[in-house]
Amino acid sequence: MNKQDIFCASEQQQMRLGSCLAEVFADQPLLIFLDGDLGVGKTTLVRGFLRGWGFRGAVRSPTYTLVEPYSLGNLIVYHLDLYRLSDPEELEFLGGREIFSGTHQVLVEWPEKGSGWLPEPDLHLILHHHAHGRSIELRCNTADCAQRVAWCAALLSEAKP
């Protein structure tokens, strides 16, 4: 596993990170896990990711619906928030087999709630609160993923907050 640490001093930087991830992974199906406390910015990253695809509508955490699909041309991006999931088996009833078929891009908040049912992610983001922003640990399961994430990290380090 490859690991990259990024510090985002602002919400705009978190959005840029999300947008960059959409750009560098645009050519493939993708599963991203987003971990962190309430209010740390998981949905902000998802919003940035969707903006990277050109989506301009509202992006809210699907806390009550659990899953929100975004149809973007030939691509479907699924945003899941499993915070209220009682049992990982509930993913079956939410269309989990289709969602995790390996043909979509999927971002999952609170993935530990789907433990044992969810496939391994391509990228796992762990977000932490800090007084002046957020630290984000990005863990990749492949060398290709690590190269793409490193490109985003370099881009963000050059950008101003």
# chains A, B, ... in the order shown; residues from 1 in each chain; ligands from 1
>>> closest_atom_pairs(of="range 29-137 of chain A", to="range 7-21 of chain A", cutoff="7 Å", atoms="only C-alpha atoms", output="CSV")
residue,atom,partner,partner_atom,distance
A:Thr44,CA,A:Met15,CA,6.2
A:Leu45,CA,A:Gly18,CA,4.8
A:Val46,CA,A:Gly18,CA,6.2
A:Arg47,CA,A:Met15,CA,6.7
A:Gly48,CA,A:Met15,CA,3.9
A:Phe49,CA,A:Gly18,CA,4.0
A:Leu50,CA,A:Ser19,CA,7.0
A:Arg51,CA,A:Ser19,CA,6.1
A:Gly52,CA,A:Ser19,CA,4.0
A:His132,CA,A:Ala9,CA,5.9
A:Gly133,CA,A:Ala9,CA,4.2
A:Arg134,CA,A:Cys8,CA,5.2
A:Ser135,CA,A:Phe7,CA,4.4
A:Ile136,CA,A:Phe7,CA,6.1
>>> write_last_selection(atoms="N, CA and C atoms", output="PDB file, in the first residue's frame")
ATOM      1  N   THR A  44     -17.460  17.551   1.204  1.00  0.00           N
ATOM      2  CA  THR A  44     -16.778  18.610   0.460  1.00  0.00           C
ATOM      3  C   THR A  44     -15.875  18.002  -0.606  1.00  0.00           C
ATOM      4  N   LEU A  45     -15.167  16.949  -0.249  1.00  0.00           N
ATOM      5  CA  LEU A  45     -14.330  16.264  -1.241  1.00  0.00           C
ATOM      6  C   LEU A  45     -15.169  15.661  -2.363  1.00  0.00           C
ATOM      7  N   VAL A  46     -16.305  15.079  -2.003  1.00  0.00           N
ATOM      8  CA  VAL A  46     -17.199  14.515  -3.018  1.00  0.00           C
ATOM      9  C   VAL A  46     -17.710  15.632  -3.933  1.00  0.00           C
ATOM     10  N   ARG A  47     -18.072  16.766  -3.349  1.00  0.00           N
ATOM     11  CA  ARG A  47     -18.536  17.907  -4.135  1.00  0.00           C
ATOM     12  C   ARG A  47     -17.450  18.335  -5.133  1.00  0.00           C
ATOM     13  N   GLY A  48     -16.221  18.416  -4.671  1.00  0.00           N
ATOM     14  CA  GLY A  48     -15.110  18.756  -5.566  1.00  0.00           C
ATOM     15  C   GLY A  48     -14.937  17.724  -6.665  1.00  0.00           C
ATOM     16  N   PHE A  49     -15.076  16.454  -6.302  1.00  0.00           N
ATOM     17  CA  PHE A  49     -14.965  15.364  -7.276  1.00  0.00           C
ATOM     18  C   PHE A  49     -16.019  15.531  -8.375  1.00  0.00           C
ATOM     19  N   LEU A  50     -17.255  15.783  -7.966  1.00  0.00           N
ATOM     20  CA  LEU A  50     -18.330  15.947  -8.943  1.00  0.00           C
ATOM     21  C   LEU A  50     -18.142  17.220  -9.779  1.00  0.00           C
ATOM     22  N   ARG A  51     -17.622  18.277  -9.163  1.00  0.00           N
ATOM     23  CA  ARG A  51     -17.324  19.501  -9.924  1.00  0.00           C
ATOM     24  C   ARG A  51     -16.255  19.209 -10.980  1.00  0.00           C
ATOM     25  N   GLY A  52     -15.323  18.329 -10.629  1.00  0.00           N
ATOM     26  CA  GLY A  52     -14.292  17.929 -11.581  1.00  0.00           C
ATOM     27  C   GLY A  52     -14.877  17.252 -12.817  1.00  0.00           C
ATOM     28  N   HIS A 132      -6.106  24.781  11.549  1.00  0.00           N
ATOM     29  CA  HIS A 132      -6.046  25.626  10.350  1.00  0.00           C
ATOM     30  C   HIS A 132      -6.310  24.847   9.071  1.00  0.00           C
ATOM     31  N   GLY A 133      -7.128  23.814   9.159  1.00  0.00           N
ATOM     32  CA  GLY A 133      -7.453  23.052   7.955  1.00  0.00           C
ATOM     33  C   GLY A 133      -7.666  21.581   8.251  1.00  0.00           C
ATOM     34  N   ARG A 134      -7.361  20.772   7.248  1.00  0.00           N
ATOM     35  CA  ARG A 134      -7.546  19.328   7.350  1.00  0.00           C
ATOM     36  C   ARG A 134      -6.302  18.617   6.827  1.00  0.00           C
ATOM     37  N   SER A 135      -5.913  17.570   7.519  1.00  0.00           N
ATOM     38  CA  SER A 135      -4.883  16.692   6.971  1.00  0.00           C
ATOM     39  C   SER A 135      -5.611  15.502   6.373  1.00  0.00           C
ATOM     40  N   ILE A 136      -5.126  15.073   5.233  1.00  0.00           N
ATOM     41  CA  ILE A 136      -5.770  13.973   4.523  1.00  0.00           C
ATOM     42  C   ILE A 136      -4.703  12.951   4.171  1.00  0.00           C
TER      43      ILE A 136
END
>>> residues_around(residues="Leu94 in chain A", least_positions_apart="3", cutoff="8 Å", atoms="only C-alpha atoms", output="ChimeraX atom specification")
/A:67,90-91
>>> residues_around(residues="range 115-118 of chain A", least_positions_apart="2", cutoff="12 Å", atoms="only C-alpha atoms", output="ChimeraX atom specification")
/A:31-33,80,82,85-92,96-97,99-102,106-113,120-122
>>> write_last_selection(atoms="N, CA and C atoms", output="tab-separated table (two decimals), in the first residue's frame")
chain	number	residue	atom	x	y	z
A	31	LEU	N	-13.27	3.09	-6.79
A	31	LEU	CA	-13.92	3.01	-5.49
A	31	LEU	C	-13.06	3.75	-4.48
A	32	ILE	N	-13.64	4.80	-3.90
A	32	ILE	CA	-12.95	5.62	-2.90
A	32	ILE	C	-13.70	5.51	-1.58
A	33	PHE	N	-12.97	5.21	-0.51
A	33	PHE	CA	-13.51	5.26	0.84
A	33	PHE	C	-13.10	6.59	1.45
A	80	LEU	N	-22.26	7.39	-1.57
A	80	LEU	CA	-22.93	6.68	-0.49
A	80	LEU	C	-22.49	7.23	0.86
A	82	LEU	N	-22.93	5.76	4.57
A	82	LEU	CA	-23.39	4.57	5.28
A	82	LEU	C	-23.56	4.80	6.79
A	85	LEU	N	-26.48	3.08	8.26
A	85	LEU	CA	-26.66	1.68	7.89
A	85	LEU	C	-26.65	0.82	9.16
A	86	SER	N	-27.66	-0.04	9.31
A	86	SER	CA	-27.75	-0.90	10.49
A	86	SER	C	-26.95	-2.17	10.33
A	87	ASP	N	-26.90	-2.69	9.10
A	87	ASP	CA	-26.25	-3.96	8.82
A	87	ASP	C	-25.66	-3.89	7.41
A	88	PRO	N	-24.44	-4.36	7.21
A	88	PRO	CA	-23.83	-4.32	5.87
A	88	PRO	C	-24.68	-5.00	4.79
A	89	GLU	N	-25.49	-5.98	5.18
A	89	GLU	CA	-26.34	-6.69	4.23
A	89	GLU	C	-27.38	-5.77	3.58
A	90	GLU	N	-27.67	-4.63	4.23
A	90	GLU	CA	-28.61	-3.68	3.66
A	90	GLU	C	-28.12	-3.13	2.31
A	91	LEU	N	-26.82	-3.19	2.07
A	91	LEU	CA	-26.28	-2.73	0.80
A	91	LEU	C	-26.85	-3.51	-0.38
A	92	GLU	N	-27.18	-4.75	-0.13
A	92	GLU	CA	-27.81	-5.59	-1.17
A	92	GLU	C	-29.12	-4.97	-1.63
A	96	GLY	N	-26.50	-2.63	-4.23
A	96	GLY	CA	-25.06	-2.77	-4.06
A	96	GLY	C	-24.37	-3.56	-5.15
A	97	ARG	N	-24.97	-4.61	-5.63
A	97	ARG	CA	-24.32	-5.42	-6.68
A	97	ARG	C	-24.08	-4.59	-7.92
A	99	ILE	N	-24.03	-1.16	-8.02
A	99	ILE	CA	-23.16	-0.04	-7.67
A	99	ILE	C	-21.70	-0.47	-7.65
A	100	PHE	N	-21.41	-1.63	-7.05
A	100	PHE	CA	-20.03	-2.09	-6.90
A	100	PHE	C	-19.63	-3.10	-7.98
A	101	SER	N	-20.25	-3.00	-9.14
A	101	SER	CA	-19.97	-3.93	-10.24
A	101	SER	C	-18.61	-3.70	-10.89
A	102	GLY	N	-17.98	-2.59	-10.57
A	102	GLY	CA	-16.68	-2.30	-11.17
A	102	GLY	C	-16.78	-1.50	-12.45
A	106	VAL	N	-17.39	5.29	-7.47
A	106	VAL	CA	-18.17	5.22	-6.24
A	106	VAL	C	-17.36	5.84	-5.11
A	107	LEU	N	-18.00	6.75	-4.37
A	107	LEU	CA	-17.39	7.36	-3.21
A	107	LEU	C	-18.23	7.00	-1.99
A	108	VAL	N	-17.60	6.44	-0.96
A	108	VAL	CA	-18.33	5.90	0.19
A	108	VAL	C	-17.85	6.57	1.48
A	109	GLU	N	-18.79	7.28	2.12
A	109	GLU	CA	-18.52	7.83	3.45
A	109	GLU	C	-18.92	6.78	4.49
A	110	TRP	N	-18.19	6.71	5.58
A	110	TRP	CA	-18.41	5.76	6.67
A	110	TRP	C	-18.34	4.31	6.16
A	111	PRO	N	-17.28	3.95	5.44
A	111	PRO	CA	-17.20	2.60	4.87
A	111	PRO	C	-17.15	1.49	5.91
A	112	GLU	N	-16.72	1.79	7.13
A	112	GLU	CA	-16.66	0.74	8.16
A	112	GLU	C	-18.05	0.15	8.44
A	113	LYS	N	-19.11	0.89	8.14
A	113	LYS	CA	-20.47	0.40	8.34
A	113	LYS	C	-20.83	-0.69	7.32
A	120	GLU	N	-12.66	-4.09	-1.61
A	120	GLU	CA	-11.51	-3.26	-1.24
A	120	GLU	C	-11.50	-2.00	-2.11
A	121	PRO	N	-11.19	-0.86	-1.51
A	121	PRO	CA	-11.18	0.38	-2.30
A	121	PRO	C	-9.90	0.50	-3.14
A	122	ASP	N	-9.98	1.30	-4.18
A	122	ASP	CA	-8.79	1.66	-4.94
A	122	ASP	C	-8.01	2.72	-4.17
>>> select_by_dssp(residues="range 4-160 of chain A", states="helix (DSSP H, G or I)", output="PyMOL selection string")
chain A and resi 11-24+42-52+90-93+96-99+111-114+143-158
>>> write_last_selection(atoms="N, CA and C atoms", output="short mmCIF file (atom, residue, chain, number, x, y, z; two decimals), in the first residue's frame")
data_model
loop_
_atom_site.label_atom_id
_atom_site.label_comp_id
_atom_site.auth_asym_id
_atom_site.auth_seq_id
_atom_site.Cartn_x
_atom_site.Cartn_y
_atom_site.Cartn_z
N GLU A 11 -11.49 24.99 2.53
CA GLU A 11 -12.50 24.19 1.84
C GLU A 11 -12.22 24.17 0.34
N GLN A 12 -11.74 25.29 -0.19
CA GLN A 12 -11.42 25.38 -1.62
C GLN A 12 -10.32 24.38 -2.00
N GLN A 13 -9.34 24.20 -1.13
CA GLN A 13 -8.29 23.22 -1.41
C GLN A 13 -8.85 21.80 -1.38
N GLN A 14 -9.76 21.52 -0.46
CA GLN A 14 -10.38 20.20 -0.44
C GLN A 14 -11.17 19.97 -1.72
N MET A 15 -11.85 21.01 -2.19
CA MET A 15 -12.59 20.91 -3.45
C MET A 15 -11.62 20.66 -4.62
N ARG A 16 -10.49 21.36 -4.61
CA ARG A 16 -9.49 21.16 -5.67
C ARG A 16 -8.95 19.74 -5.65
N LEU A 17 -8.73 19.20 -4.46
CA LEU A 17 -8.26 17.81 -4.36
C LEU A 17 -9.30 16.88 -4.97
N GLY A 18 -10.57 17.04 -4.59
CA GLY A 18 -11.62 16.21 -5.16
C GLY A 18 -11.68 16.32 -6.67
N SER A 19 -11.59 17.53 -7.19
CA SER A 19 -11.62 17.76 -8.63
C SER A 19 -10.44 17.12 -9.32
N CYS A 20 -9.28 17.22 -8.71
CA CYS A 20 -8.07 16.60 -9.28
C CYS A 20 -8.21 15.08 -9.32
N LEU A 21 -8.76 14.51 -8.26
CA LEU A 21 -8.95 13.05 -8.25
C LEU A 21 -9.89 12.61 -9.37
N ALA A 22 -10.95 13.40 -9.61
CA ALA A 22 -11.86 13.08 -10.72
C ALA A 22 -11.10 13.12 -12.05
N GLU A 23 -10.24 14.10 -12.19
CA GLU A 23 -9.48 14.26 -13.43
C GLU A 23 -8.50 13.11 -13.65
N VAL A 24 -7.73 12.77 -12.63
CA VAL A 24 -6.69 11.76 -12.83
C VAL A 24 -7.23 10.33 -12.89
N LYS A 42 -15.79 15.29 4.32
CA LYS A 42 -15.92 14.17 3.37
C LYS A 42 -16.81 14.56 2.19
N THR A 43 -17.95 15.16 2.49
CA THR A 43 -18.86 15.57 1.42
C THR A 43 -18.26 16.71 0.60
N THR A 44 -17.46 17.55 1.20
CA THR A 44 -16.78 18.61 0.46
C THR A 44 -15.88 18.00 -0.61
N LEU A 45 -15.17 16.95 -0.25
CA LEU A 45 -14.33 16.26 -1.24
C LEU A 45 -15.17 15.66 -2.36
N VAL A 46 -16.30 15.08 -2.00
CA VAL A 46 -17.20 14.51 -3.02
C VAL A 46 -17.71 15.63 -3.93
N ARG A 47 -18.07 16.77 -3.35
CA ARG A 47 -18.54 17.91 -4.14
C ARG A 47 -17.45 18.33 -5.13
N GLY A 48 -16.22 18.42 -4.67
CA GLY A 48 -15.11 18.76 -5.57
C GLY A 48 -14.94 17.72 -6.66
N PHE A 49 -15.08 16.45 -6.30
CA PHE A 49 -14.97 15.36 -7.28
C PHE A 49 -16.02 15.53 -8.38
N LEU A 50 -17.26 15.78 -7.97
CA LEU A 50 -18.33 15.95 -8.94
C LEU A 50 -18.14 17.22 -9.78
N ARG A 51 -17.62 18.28 -9.16
CA ARG A 51 -17.32 19.50 -9.92
C ARG A 51 -16.26 19.21 -10.98
N GLY A 52 -15.32 18.33 -10.63
CA GLY A 52 -14.29 17.93 -11.58
C GLY A 52 -14.88 17.25 -12.82
N GLU A 90 -27.67 -4.63 4.23
CA GLU A 90 -28.61 -3.68 3.66
C GLU A 90 -28.12 -3.13 2.31
N LEU A 91 -26.82 -3.19 2.07
CA LEU A 91 -26.28 -2.73 0.80
C LEU A 91 -26.85 -3.51 -0.38
N GLU A 92 -27.18 -4.75 -0.13
CA GLU A 92 -27.81 -5.59 -1.17
C GLU A 92 -29.12 -4.97 -1.63
N PHE A 93 -29.91 -4.48 -0.68
CA PHE A 93 -31.23 -3.91 -0.99
C PHE A 93 -31.13 -2.51 -1.58
N GLY A 96 -26.50 -2.63 -4.23
CA GLY A 96 -25.06 -2.77 -4.06
C GLY A 96 -24.37 -3.56 -5.15
N ARG A 97 -24.97 -4.61 -5.63
CA ARG A 97 -24.32 -5.42 -6.68
C ARG A 97 -24.08 -4.59 -7.92
N GLU A 98 -25.05 -3.77 -8.31
CA GLU A 98 -24.89 -2.90 -9.48
C GLU A 98 -23.89 -1.79 -9.18
N ILE A 99 -24.03 -1.16 -8.02
CA ILE A 99 -23.16 -0.04 -7.67
C ILE A 99 -21.70 -0.47 -7.65
N PRO A 111 -17.28 3.95 5.44
CA PRO A 111 -17.20 2.60 4.87
C PRO A 111 -17.15 1.49 5.91
N GLU A 112 -16.72 1.79 7.13
CA GLU A 112 -16.66 0.74 8.16
C GLU A 112 -18.05 0.15 8.44
N LYS A 113 -19.11 0.89 8.14
CA LYS A 113 -20.47 0.40 8.34
C LYS A 113 -20.83 -0.69 7.32
N GLY A 114 -20.06 -0.78 6.24
CA GLY A 114 -20.28 -1.81 5.22
C GLY A 114 -19.22 -2.89 5.27
N ALA A 143 0.28 0.81 -7.56
CA ALA A 143 1.30 1.80 -7.92
C ALA A 143 0.72 2.86 -8.84
N ASP A 144 -0.17 2.45 -9.74
CA ASP A 144 -0.80 3.40 -10.65
C ASP A 144 -1.60 4.44 -9.88
N CYS A 145 -2.35 4.00 -8.90
CA CYS A 145 -3.13 4.90 -8.05
C CYS A 145 -2.19 5.88 -7.35
N ALA A 146 -1.09 5.38 -6.82
CA ALA A 146 -0.13 6.21 -6.09
C ALA A 146 0.45 7.29 -7.00
N GLN A 147 0.73 6.96 -8.24
CA GLN A 147 1.25 7.95 -9.18
C GLN A 147 0.24 9.05 -9.44
N ARG A 148 -1.00 8.67 -9.61
CA ARG A 148 -2.06 9.65 -9.89
C ARG A 148 -2.28 10.56 -8.67
N VAL A 149 -2.29 9.97 -7.49
CA VAL A 149 -2.47 10.74 -6.26
C VAL A 149 -1.29 11.68 -6.04
N ALA A 150 -0.09 11.23 -6.33
CA ALA A 150 1.10 12.07 -6.18
C ALA A 150 1.01 13.30 -7.08
N TRP A 151 0.44 13.12 -8.26
CA TRP A 151 0.28 14.24 -9.17
C TRP A 151 -0.65 15.28 -8.55
N CYS A 152 -1.74 14.84 -7.94
CA CYS A 152 -2.67 15.76 -7.28
C CYS A 152 -2.00 16.45 -6.08
N ALA A 153 -1.22 15.70 -5.33
CA ALA A 153 -0.52 16.29 -4.19
C ALA A 153 0.43 17.38 -4.64
N ALA A 154 1.15 17.13 -5.72
CA ALA A 154 2.08 18.13 -6.26
C ALA A 154 1.31 19.36 -6.74
N LEU A 155 0.21 19.15 -7.39
CA LEU A 155 -0.61 20.26 -7.88
C LEU A 155 -1.11 21.12 -6.73
N LEU A 156 -1.58 20.47 -5.66
CA LEU A 156 -2.08 21.22 -4.50
C LEU A 156 -0.97 21.95 -3.76
N SER A 157 0.22 21.40 -3.72
CA SER A 157 1.32 22.06 -3.01
C SER A 157 1.75 23.32 -3.75
N GLU A 158 1.52 23.37 -5.06
CA GLU A 158 1.85 24.55 -5.85
C GLU A 158 0.77 25.62 -5.77
#
>>> select_by_dssp(residues="chain A", states="strand (DSSP E or B)", output="NGL selection string")
:A and (2-8 or 30-35 or 67-72 or 75-81 or 105-109 or 123-130 or 133-140)
>>> residues_around(residues="Leu125 in chain A", least_positions_apart="5", cutoff="7 Å", atoms="only C-alpha atoms", output="list in words")
Phe33, Leu34, Asp35, Ile136, Glu137, Leu138 and Arg139 of chain A
>>> atom_distance(atom1="CA of Thr63 in chain A", atom2="CA of Leu38 in chain A")
11.4 Å
